[in-house]
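*Asks:* Sharing structure_39.txt (compact mmCIF, C-alpha atoms and all ligand atoms) below.
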# COMPACT_ATOMS: atom_id res chain seq x y z
CA MET A 1 -64.83 1.49 36.17
CA ARG A 2 -66.38 1.49 32.68
CA ILE A 3 -65.77 4.57 30.56
CA ILE A 4 -66.20 5.98 27.08
CA ILE A 5 -63.56 8.51 26.06
CA ASP A 6 -64.81 11.36 23.86
CA THR A 7 -61.80 13.07 22.38
CA ASP A 8 -60.25 15.29 19.69
CA PRO A 9 -56.87 13.59 19.34
CA ALA A 10 -54.27 15.62 17.45
CA MET A 11 -51.19 13.46 18.05
CA GLY A 12 -50.43 12.70 14.42
CA THR A 13 -51.42 16.07 13.03
CA LEU A 14 -48.33 18.24 13.39
CA GLY A 15 -49.05 21.48 15.20
CA GLY A 16 -52.15 20.22 16.99
CA ASP A 17 -52.28 19.71 20.76
CA PRO A 18 -51.12 16.07 21.13
CA GLU A 19 -52.17 15.70 24.72
CA ASP A 20 -55.44 13.75 24.27
CA CYS A 21 -53.39 10.71 23.33
CA PHE A 22 -51.55 10.74 26.63
CA ALA A 23 -54.94 10.65 28.37
CA ILE A 24 -56.01 7.70 26.22
CA MET A 25 -52.79 5.88 27.15
CA LEU A 26 -53.35 6.65 30.82
CA ALA A 27 -56.81 5.09 30.70
CA LEU A 28 -55.69 2.03 28.75
CA ASN A 29 -52.81 1.51 31.18
CA THR A 30 -55.05 1.67 34.26
CA PRO A 31 -56.07 -1.88 35.24
CA GLU A 32 -59.32 -0.88 36.95
CA VAL A 33 -60.57 0.98 33.88
CA VAL A 34 -62.50 -0.66 31.04
CA VAL A 35 -62.52 1.56 27.97
CA GLU A 36 -65.81 0.60 26.29
CA GLY A 37 -65.05 2.83 23.32
CA ILE A 38 -63.40 5.96 22.00
CA THR A 39 -65.56 8.51 20.19
CA ILE A 40 -63.96 11.20 18.06
CA VAL A 41 -65.18 14.78 18.01
CA GLN A 42 -64.27 17.93 16.12
CA GLY A 43 -61.92 20.17 18.06
CA ASN A 44 -58.13 20.32 18.07
CA VAL A 45 -58.34 18.87 14.59
CA PRO A 46 -61.18 17.91 12.24
CA ALA A 47 -62.75 14.61 13.31
CA GLU A 48 -61.51 12.89 10.15
CA GLN A 49 -57.92 13.50 11.23
CA GLY A 50 -58.74 12.73 14.85
CA TYR A 51 -60.10 9.35 13.77
CA ALA A 52 -56.91 8.59 11.82
CA ASN A 53 -54.75 9.64 14.76
CA ALA A 54 -56.67 7.53 17.25
CA ARG A 55 -56.61 4.51 14.93
CA HIS A 56 -52.84 4.87 14.58
CA LEU A 57 -52.36 5.15 18.35
CA LEU A 58 -54.51 2.09 19.07
CA ALA A 59 -52.49 0.11 16.53
CA LEU A 60 -49.22 1.15 18.19
CA LEU A 61 -50.65 0.15 21.57
CA ASN A 62 -51.94 -3.19 20.21
CA ARG A 63 -55.40 -2.12 21.34
CA GLU A 64 -57.35 -2.23 18.10
CA ASP A 65 -59.92 -4.19 20.09
CA VAL A 66 -61.21 -0.89 21.50
CA PRO A 67 -64.24 0.34 19.50
CA LEU A 68 -63.39 3.59 17.71
CA LEU A 69 -66.25 5.71 16.38
CA PRO A 70 -66.19 8.82 14.21
CA GLY A 71 -68.25 11.73 15.47
CA CYS A 72 -69.49 15.20 14.75
CA LEU A 73 -67.58 17.15 12.14
CA ARG A 74 -68.68 20.66 13.10
CA PRO A 75 -70.04 22.57 16.10
CA MET A 76 -73.80 22.24 16.66
CA SER A 77 -74.51 25.76 15.45
CA GLY A 78 -73.50 26.87 11.99
CA THR A 79 -73.34 30.44 13.32
CA ARG A 80 -70.09 29.65 15.17
CA THR A 81 -68.17 30.94 12.17
CA THR A 82 -64.95 31.72 14.04
CA GLN A 83 -64.81 28.20 15.48
CA ILE A 84 -65.64 26.63 12.11
CA ASP A 85 -63.05 28.78 10.35
CA LEU A 86 -60.36 27.77 12.88
CA LEU A 87 -61.29 24.11 12.49
CA GLU A 88 -61.25 24.22 8.69
CA ARG A 89 -57.85 25.90 8.64
CA ARG A 90 -56.56 22.81 10.37
CA TYR A 91 -57.24 20.59 7.37
CA GLY A 92 -54.04 22.08 6.02
CA MET A 93 -51.86 20.82 8.85
CA LYS A 94 -49.26 18.09 8.11
CA GLN A 95 -50.70 14.67 8.84
CA ILE A 96 -48.18 11.97 9.85
CA THR A 97 -50.75 9.23 10.36
CA ASP A 98 -52.57 7.59 7.46
CA MET A 99 -56.03 8.95 6.79
CA ILE A 100 -58.39 6.01 7.05
CA ASP A 101 -62.14 5.71 6.56
CA PRO A 102 -64.21 4.03 9.27
CA PRO A 103 -65.35 0.51 8.33
CA PRO A 104 -68.65 0.52 6.40
CA GLY A 105 -71.62 0.16 8.69
CA ASN A 106 -69.70 1.63 11.63
CA PRO A 107 -72.13 3.50 13.86
CA ASP A 108 -71.34 7.12 14.50
CA ALA A 109 -70.27 8.44 17.89
CA ALA A 110 -73.68 9.63 19.05
CA SER A 111 -75.33 6.31 18.18
CA PHE A 112 -72.57 4.39 19.94
CA LEU A 113 -72.86 6.58 23.04
CA ILE A 114 -76.63 6.06 23.21
CA GLU A 115 -76.52 2.30 22.56
CA THR A 116 -73.69 1.64 25.01
CA VAL A 117 -75.13 3.76 27.83
CA LEU A 118 -78.69 2.45 27.44
CA ALA A 119 -77.42 -1.13 27.40
CA SER A 120 -75.87 -0.57 30.84
CA PRO A 121 -77.83 2.17 32.58
CA GLY A 122 -75.95 3.82 35.43
CA GLU A 123 -72.71 1.98 34.70
CA ILE A 124 -70.89 4.10 32.12
CA THR A 125 -68.92 7.26 32.87
CA LEU A 126 -68.24 9.56 29.94
CA VAL A 127 -64.80 11.14 30.09
CA THR A 128 -64.89 14.05 27.66
CA ILE A 129 -61.57 15.59 26.71
CA GLY A 130 -62.71 17.61 23.73
CA PRO A 131 -65.67 19.78 22.77
CA LEU A 132 -69.03 18.36 23.87
CA THR A 133 -70.64 18.12 20.43
CA ASN A 134 -71.02 14.31 20.38
CA VAL A 135 -72.42 14.08 23.91
CA ALA A 136 -74.86 16.95 23.43
CA THR A 137 -75.99 15.49 20.11
CA ALA A 138 -76.65 12.14 21.79
CA MET A 139 -78.61 13.95 24.53
CA GLN A 140 -80.79 15.59 21.90
CA LEU A 141 -81.30 12.40 19.89
CA SER A 142 -82.30 10.20 22.83
CA PRO A 143 -84.51 11.44 25.68
CA GLU A 144 -83.42 8.47 27.83
CA PHE A 145 -79.68 8.93 27.27
CA SER A 146 -78.96 11.50 29.99
CA ALA A 147 -80.72 9.51 32.69
CA GLY A 148 -78.67 6.44 31.76
CA ILE A 149 -75.28 8.10 32.18
CA GLN A 150 -73.49 7.32 35.45
CA ALA A 151 -71.48 10.58 35.30
CA VAL A 152 -69.66 12.90 32.93
CA VAL A 153 -66.14 14.02 33.80
CA MET A 154 -65.10 16.86 31.52
CA MET A 155 -61.86 18.52 30.74
CA GLY A 156 -63.27 21.95 30.14
CA GLY A 157 -64.00 25.42 31.35
CA ALA A 158 -62.49 27.61 34.01
CA ALA A 159 -64.12 28.27 37.38
CA ALA A 160 -61.99 31.09 38.73
CA CYS A 161 -59.29 31.84 36.20
CA ALA A 162 -58.93 33.26 32.72
CA GLY A 163 -59.55 31.26 29.60
CA ASN A 164 -56.98 29.95 27.13
CA ILE A 165 -58.53 30.24 23.67
CA SER A 166 -59.75 33.70 24.69
CA PRO A 167 -59.43 35.70 27.90
CA ALA A 168 -62.93 34.49 28.81
CA ALA A 169 -63.21 30.92 27.55
CA GLU A 170 -61.50 27.53 27.61
CA PHE A 171 -61.13 25.86 24.22
CA ASN A 172 -63.38 22.78 24.60
CA TYR A 173 -66.39 24.81 25.66
CA TRP A 174 -65.59 27.68 23.28
CA GLN A 175 -65.41 25.36 20.26
CA ASP A 176 -69.06 24.42 20.83
CA PRO A 177 -70.85 26.63 23.39
CA GLU A 178 -74.30 25.25 22.52
CA ALA A 179 -73.09 21.74 23.27
CA ALA A 180 -71.60 22.76 26.60
CA ASP A 181 -74.83 24.55 27.50
CA ILE A 182 -76.89 21.42 26.73
CA VAL A 183 -74.64 19.25 28.90
CA PHE A 184 -74.75 21.66 31.85
CA ARG A 185 -78.56 21.74 31.63
CA SER A 186 -78.84 17.94 31.34
CA GLY A 187 -79.11 17.04 35.03
CA VAL A 188 -76.36 14.45 34.64
CA PRO A 189 -73.81 14.25 37.51
CA LEU A 190 -71.04 16.49 36.14
CA THR A 191 -67.43 17.05 37.15
CA MET A 192 -65.64 20.00 35.56
CA VAL A 193 -61.86 19.71 35.48
CA GLY A 194 -60.94 23.13 34.19
CA LEU A 195 -58.00 25.38 33.62
CA ASP A 196 -57.88 26.22 37.33
CA VAL A 197 -56.21 22.87 37.94
CA CYS A 198 -54.99 21.86 34.47
CA HIS A 199 -52.68 24.85 34.33
CA LYS A 200 -50.91 23.51 37.40
CA THR A 201 -49.62 20.59 35.31
CA GLN A 202 -46.83 20.60 32.77
CA LEU A 203 -44.81 18.26 30.60
CA LEU A 204 -41.34 19.24 29.43
CA PRO A 205 -39.55 18.26 26.22
CA ALA A 206 -36.82 16.58 28.27
CA GLN A 207 -39.38 14.23 29.80
CA VAL A 208 -40.56 13.17 26.35
CA GLU A 209 -36.98 12.77 25.11
CA GLU A 210 -36.15 10.65 28.15
CA CYS A 211 -39.13 8.31 27.77
CA THR A 212 -38.71 7.89 24.02
CA GLY A 213 -34.95 7.34 24.14
CA ALA A 214 -35.22 3.62 23.47
CA GLY A 215 -36.42 4.45 19.99
CA SER A 216 -39.58 2.35 19.99
CA THR A 217 -42.06 2.99 17.20
CA LEU A 218 -44.47 4.47 19.74
CA GLY A 219 -41.69 6.57 21.22
CA GLN A 220 -40.61 7.91 17.85
CA PHE A 221 -44.24 8.80 17.03
CA VAL A 222 -44.73 10.60 20.34
CA LEU A 223 -41.45 12.49 19.93
CA GLU A 224 -42.26 13.61 16.38
CA ALA A 225 -45.84 14.51 17.22
CA THR A 226 -45.09 16.55 20.32
CA ARG A 227 -42.14 18.54 19.02
CA PRO A 228 -44.18 21.13 17.03
CA TRP A 229 -46.53 21.66 19.95
CA PHE A 230 -43.69 22.36 22.33
CA LYS A 231 -42.42 24.92 19.82
CA ALA A 232 -45.88 26.45 19.51
CA MET A 233 -46.17 26.71 23.31
CA ALA A 234 -42.75 28.37 23.48
CA GLY A 235 -43.99 30.98 21.04
CA GLY A 236 -47.37 31.33 22.69
CA GLU A 237 -46.61 31.07 26.38
CA GLY A 238 -42.90 31.71 26.25
CA ARG A 239 -41.72 28.33 27.45
CA GLU A 240 -41.37 24.93 25.87
CA SER A 241 -43.82 22.97 27.97
CA LEU A 242 -47.34 21.72 27.51
CA HIS A 243 -50.18 21.37 29.96
CA LEU A 244 -51.54 17.90 30.63
CA TYR A 245 -55.17 19.02 30.44
CA ASP A 246 -56.81 15.79 29.31
CA SER A 247 -54.57 13.46 31.29
CA LEU A 248 -55.45 15.32 34.47
CA ALA A 249 -59.15 15.07 33.71
CA MET A 250 -58.71 11.35 33.05
CA ALA A 251 -56.75 10.87 36.27
CA VAL A 252 -59.41 12.76 38.26
CA ALA A 253 -62.15 10.65 36.66
CA ILE A 254 -60.29 7.52 37.80
CA ASP A 255 -59.32 8.87 41.25
CA PRO A 256 -61.38 11.91 42.32
CA SER A 257 -59.33 12.14 45.54
CA LEU A 258 -56.66 13.85 43.44
CA ALA A 259 -58.75 17.01 43.36
CA THR A 260 -60.54 19.38 45.69
CA PHE A 261 -64.04 20.25 44.48
CA GLU A 262 -66.74 22.79 45.13
CA ASP A 263 -70.36 22.23 44.17
CA SER A 264 -71.34 24.90 41.70
CA TYR A 265 -73.97 26.24 39.35
CA VAL A 266 -72.18 26.60 36.02
CA ALA A 267 -73.70 28.54 33.14
CA VAL A 268 -72.17 28.75 29.67
CA GLU A 269 -72.24 31.97 27.67
CA ILE A 270 -73.94 31.12 24.35
CA GLY A 271 -74.18 34.64 23.02
CA ASP A 272 -72.00 35.62 20.07
CA GLY A 273 -70.02 38.24 21.92
CA PRO A 274 -66.42 38.22 23.14
CA ALA A 275 -67.26 36.03 26.16
CA GLN A 276 -68.81 33.27 24.06
CA GLY A 277 -68.10 29.82 25.48
CA MET A 278 -67.21 31.18 28.91
CA SER A 279 -68.10 28.91 31.82
CA VAL A 280 -69.46 31.11 34.60
CA SER A 281 -69.11 29.17 37.85
CA TYR A 282 -71.20 30.21 40.84
CA HIS A 283 -69.37 28.01 43.32
CA LYS A 284 -69.75 30.45 46.23
CA PRO A 285 -73.18 30.11 47.92
CA PHE A 286 -73.70 33.87 48.12
CA GLN A 287 -73.25 34.07 44.33
CA ARG A 288 -76.06 31.55 43.86
CA TRP A 289 -78.17 33.47 46.36
CA ILE A 290 -77.68 36.72 44.43
CA VAL A 291 -78.78 35.14 41.14
CA ARG A 292 -81.56 33.24 42.92
CA HIS A 293 -80.18 29.91 41.69
CA PRO A 294 -79.56 27.80 44.82
CA GLU A 295 -79.32 24.53 42.92
CA THR A 296 -75.96 23.26 41.71
CA ASN A 297 -75.38 21.38 38.44
CA ALA A 298 -71.73 20.37 38.67
CA ARG A 299 -68.76 20.04 40.93
CA VAL A 300 -65.75 22.04 39.82
CA ALA A 301 -62.14 21.19 40.64
CA LEU A 302 -60.39 24.11 42.31
CA ASP A 303 -57.21 22.38 43.48
CA VAL A 304 -55.26 19.24 42.70
CA ASP A 305 -52.47 17.11 44.16
CA VAL A 306 -50.02 17.73 41.32
CA GLY A 307 -47.29 15.57 42.86
CA ARG A 308 -49.50 12.52 43.04
CA PHE A 309 -50.82 13.18 39.53
CA ASN A 310 -47.28 13.40 38.18
CA GLU A 311 -46.47 10.03 39.76
CA ILE A 312 -49.52 8.48 38.10
CA PHE A 313 -48.67 10.06 34.74
CA GLN A 314 -45.06 8.88 34.96
CA ALA A 315 -46.06 5.31 35.81
CA ARG A 316 -48.99 4.88 33.44
CA VAL A 317 -47.85 6.98 30.47
CA LEU A 318 -44.19 7.99 30.29
CA ASP A 319 -42.78 4.73 31.65
CA ARG A 320 -45.00 2.78 29.28
CA ILE A 321 -43.87 4.56 26.11
CA LYS A 322 -40.36 3.12 26.25
O1 LIG B 401 -58.35 23.76 26.65
C1 LIG B 401 -57.70 22.52 26.71
C2 LIG B 401 -58.37 21.54 25.81
O2 LIG B 401 -58.22 21.99 24.47
C3 LIG B 401 -57.73 20.14 25.86
O3 LIG B 401 -58.71 19.16 25.69
C4 LIG B 401 -56.78 20.14 24.69
O4 LIG B 401 -56.68 18.83 24.09
C5 LIG B 401 -57.45 21.06 23.73
O5 LIG B 401 -58.34 20.30 22.96
CA CA B 402 -58.61 17.51 23.94
Could you rewrite the structure in this file as structure tokens?
*Replies:*
Amino acid sequence: MRIIIDTDPAMGTLGGDPEDCFAIMLALNTPEVVVEGITIVQGNVPAEQGYANARHLLALLNREDVPLLPGCLRPMSGTRTTQIDLLERRYGMKQITDMIDPPPGNPDAASFLIETVLASPGEITLVTIGPLTNVATAMQLSPEFSAGIQAVVMMGGAAACAGNISPAAEFNYWQDPEAADIVFRSGVPLTMVGLDVCHKTQLLPAQVEECTGAGSTLGQFVLEATRPWFKAMAGGEGRESLHLYDSLAMAVAIDPSLATFEDSYVAVEIGDGPAQGMSVSYHKPFQRWIVRHPETNARVALDVDVGRFNEIFQARVLDRIK
């Protein structure tokens, strides 16, 4: 399986959600997966910091062979002032990885996505674990791009549960509603791994302490980078645990049998009201009948085998950090 990971990695920016990096490790530690590249997008942290964090992680994993491309710095629409304000406030967060500029002549994420997909039509799956700005930008730049994509597996949205960044919306889609709308209208085979299933996963501080006990450089980095997020989650959700959003999406991309899906017509709210970024999933046929939209544009995950996922995560991430 050949994939490109599009991500907003915050492990290395204290206070950001570190979880993208676990998903990257899971992919790199899965023998049947070839990671053709990692593209960085604005989201949890500005893309400049995300690039530095990903570079640092790849160095710790001895995987600097994996192409790493910097991507979009802001949401597609400059009117998303709340999202832009939140993002820009994050420049002030403590950075524990060295800021590094991409090599001169490095293509940007959208160019890399287009070139890689069009060089191997129908062979590349995009696993998106951040906002969809890079992918939507590539879709707008290249008319052939969408048709060349084998599939897109997204961590994003919510089909039948409340949001997380707002009562209505999940963060990745909320951070760039226009981008999510473009992707859902693209006709590409889409899998939405949303909060409905991601919120069934959790990682506890004790698990991180256990797997980093040997004191490896990677372990010390993971321990330091996750600690503030556990604290933030304790304050926010009242318990020191984090959800493995992106790792679950990655695991489902690799082994779809982990999840139970429904075909759905998903529409994204792109207005500027309180429901902006909401993914409205018409996964019940009568709902599509009522809105006279019988076609579906995605499959949405409504249940997951958490036990089997936890085994995969333990074997391919936690046991490999030691
Ligand atoms: O809503 C969850 C998503 O937002 C995950 O991708 C997590 O990394 C954060 O970016
Ligand atoms: Ca993410």
*Asks:* Given a cut-off of 9 Å, what residues near ligand CA 402 (chain B) show up using all atoms listed in the file, put as a PyMOL selection string?
*Replies:* chain A and resi 6-10+17-21+23+43-44+128-131+155-156+171-172+245-246
*Asks:* Excluding Asp319 of chain A and any residue of its chain fewer than 3 positions from it, enumerate the residues within 10 Å of it, using all atoms listed in the file, and give them as a VMD selection string.
*Replies:* chain A and resid 210 to 212 313 to 316 322
*Asks:* Go through A:Leu26, A:Leu204, A:Val183, A:Ile165 one by one, measure the shortest atom-to-atom distance of each to ligand LIG 401 (chain B) using all atoms listed in the file, and give the residue with the smallest value.
*Replies:*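 Looking only at the distances to ligand LIG 401 (chain B), the closest residue turns out to be A:Ile165.
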*Asks:* Determine the nearest neighbour of Thr82 of chain A from the options A:Pro228, A:Gly122, A:Gly273, A:Pro104, counting all atoms listed in the file.
*Replies:*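 The closest residue to Thr82 of chain A is A:Gly273.
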*Asks:* Quote the spacing between atom CA of Ile100 of chain A and atom CA of Ala136 of chain A in Å to one decimal place.
*Replies:*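 Computing the Euclidean distance for atom CA of Ile100 of chain A and atom CA of Ala136 of chain A yields 25.7 Å.
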*Asks:* Find the spatial neighbours of Arg292 of chain A, counting all atoms listed in the file, within a cut-off of 12 Å - ignore same-chain residues fewer than 6 positions away - and output them as a list in words.
*Replies:*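 Contacts, in chain order: Tyr265, Tyr282, Pro285 and Phe286 of chain A.
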*Asks:* Write out as number ranges by chain the residues lying within 10 Å of Leu58 of chain A, counting all atoms listed in the file and excluding same-chain residues fewer than 2 positions away.
*Replies:* A: 21, 24-25, 28, 53-56, 60-68
*Asks:* Next, write the just-selected residues to a file, as an mmCIF file, in the frame of the given file, keeping C-alpha atoms as the atom set.
*Replies:*
data_model
loop_
_atom_site.group_PDB
_atom_site.id
_atom_site.type_symbol
_atom_site.label_atom_id
_atom_site.label_comp_id
_atom_site.auth_asym_id
_atom_site.auth_seq_id
_atom_site.Cartn_x
_atom_site.Cartn_y
_atom_site.Cartn_z
ATOM 1 C CA CYS A 21 -53.390 10.710 23.330
ATOM 2 C CA ILE A 24 -56.010 7.700 26.220
ATOM 3 C CA MET A 25 -52.790 5.880 27.150
ATOM 4 C CA LEU A 28 -55.690 2.030 28.750
ATOM 5 C CA ASN A 53 -54.750 9.640 14.760
ATOM 6 C CA ALA A 54 -56.670 7.530 17.250
ATOM 7 C CA ARG A 55 -56.610 4.510 14.930
ATOM 8 C CA HIS A 56 -52.840 4.870 14.580
ATOM 9 C CA LEU A 60 -49.220 1.150 18.190
ATOM 10 C CA LEU A 61 -50.650 0.150 21.570
ATOM 11 C CA ASN A 62 -51.940 -3.190 20.210
ATOM 12 C CA ARG A 63 -55.400 -2.120 21.340
ATOM 13 C CA GLU A 64 -57.350 -2.230 18.100
ATOM 14 C CA ASP A 65 -59.920 -4.190 20.090
ATOM 15 C CA VAL A 66 -61.210 -0.890 21.500
ATOM 16 C CA PRO A 67 -64.240 0.340 19.500
ATOM 17 C CA LEU A 68 -63.390 3.590 17.710
#
*Asks:* Which residues come within 8 Å of Glu170 of chain A, counting only C-alpha atoms, excluding same-chain residues fewer than 2 positions away, as a ChimeraX atom specification?
*Replies:* /A:156-158,163-166,168,172-174,194-195,277-279
*Asks:* Show me, as lines of an AutoDock Vina configuration file, the centre and edge lengths in Å to one decimal of the axis-aligned box that covers every listed atom of segment 191-205 of chain A with 6 Å on each side.
*Replies:*
center_x = -53.5
center_y = 21.6
center_z = 32.1
size_x = 39.9
size_y = 21.2
size_z = 23.7
*Asks:* Write out as number ranges by chain the residues lying within 10 Å of Met139 of chain A, counting all atoms listed in the file and excluding same-chain residues fewer than 6 positions away.
*Replies:* A: 110, 113-114, 133, 145-147, 179, 182-183, 186
*Asks:* Just the number, please: distance in Å from atom CA of Ala160 of chain A to atom CA of Gln175 of chain A, one decimal.
*Replies:* 19.6 Å
*Asks:* Between atom CA of Gln220 of chain A and atom CA of Gly50 of chain A, what distance in Å does the model show, to one decimal?
*Replies:*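 Atom-to-atom, atom CA of Gln220 of chain A and atom CA of Gly50 of chain A are spaced 19.0 Å apart.
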*Asks:* Taking only C-alpha atoms into account, name the residue in A:Phe112, A:Tyr51, A:Phe309, A:Trp289 that is nearest to Lys200 of chain A.
*Replies:* A:Phe309
*Asks:* Please list, as number ranges by chain, the residues that have an atom at most 6 Å away from (-72.6, 11.1, 18.5) in the coordinates of this file, counting only C-alpha atoms.
*Replies:* A: 71, 108-111, 134, 137-138
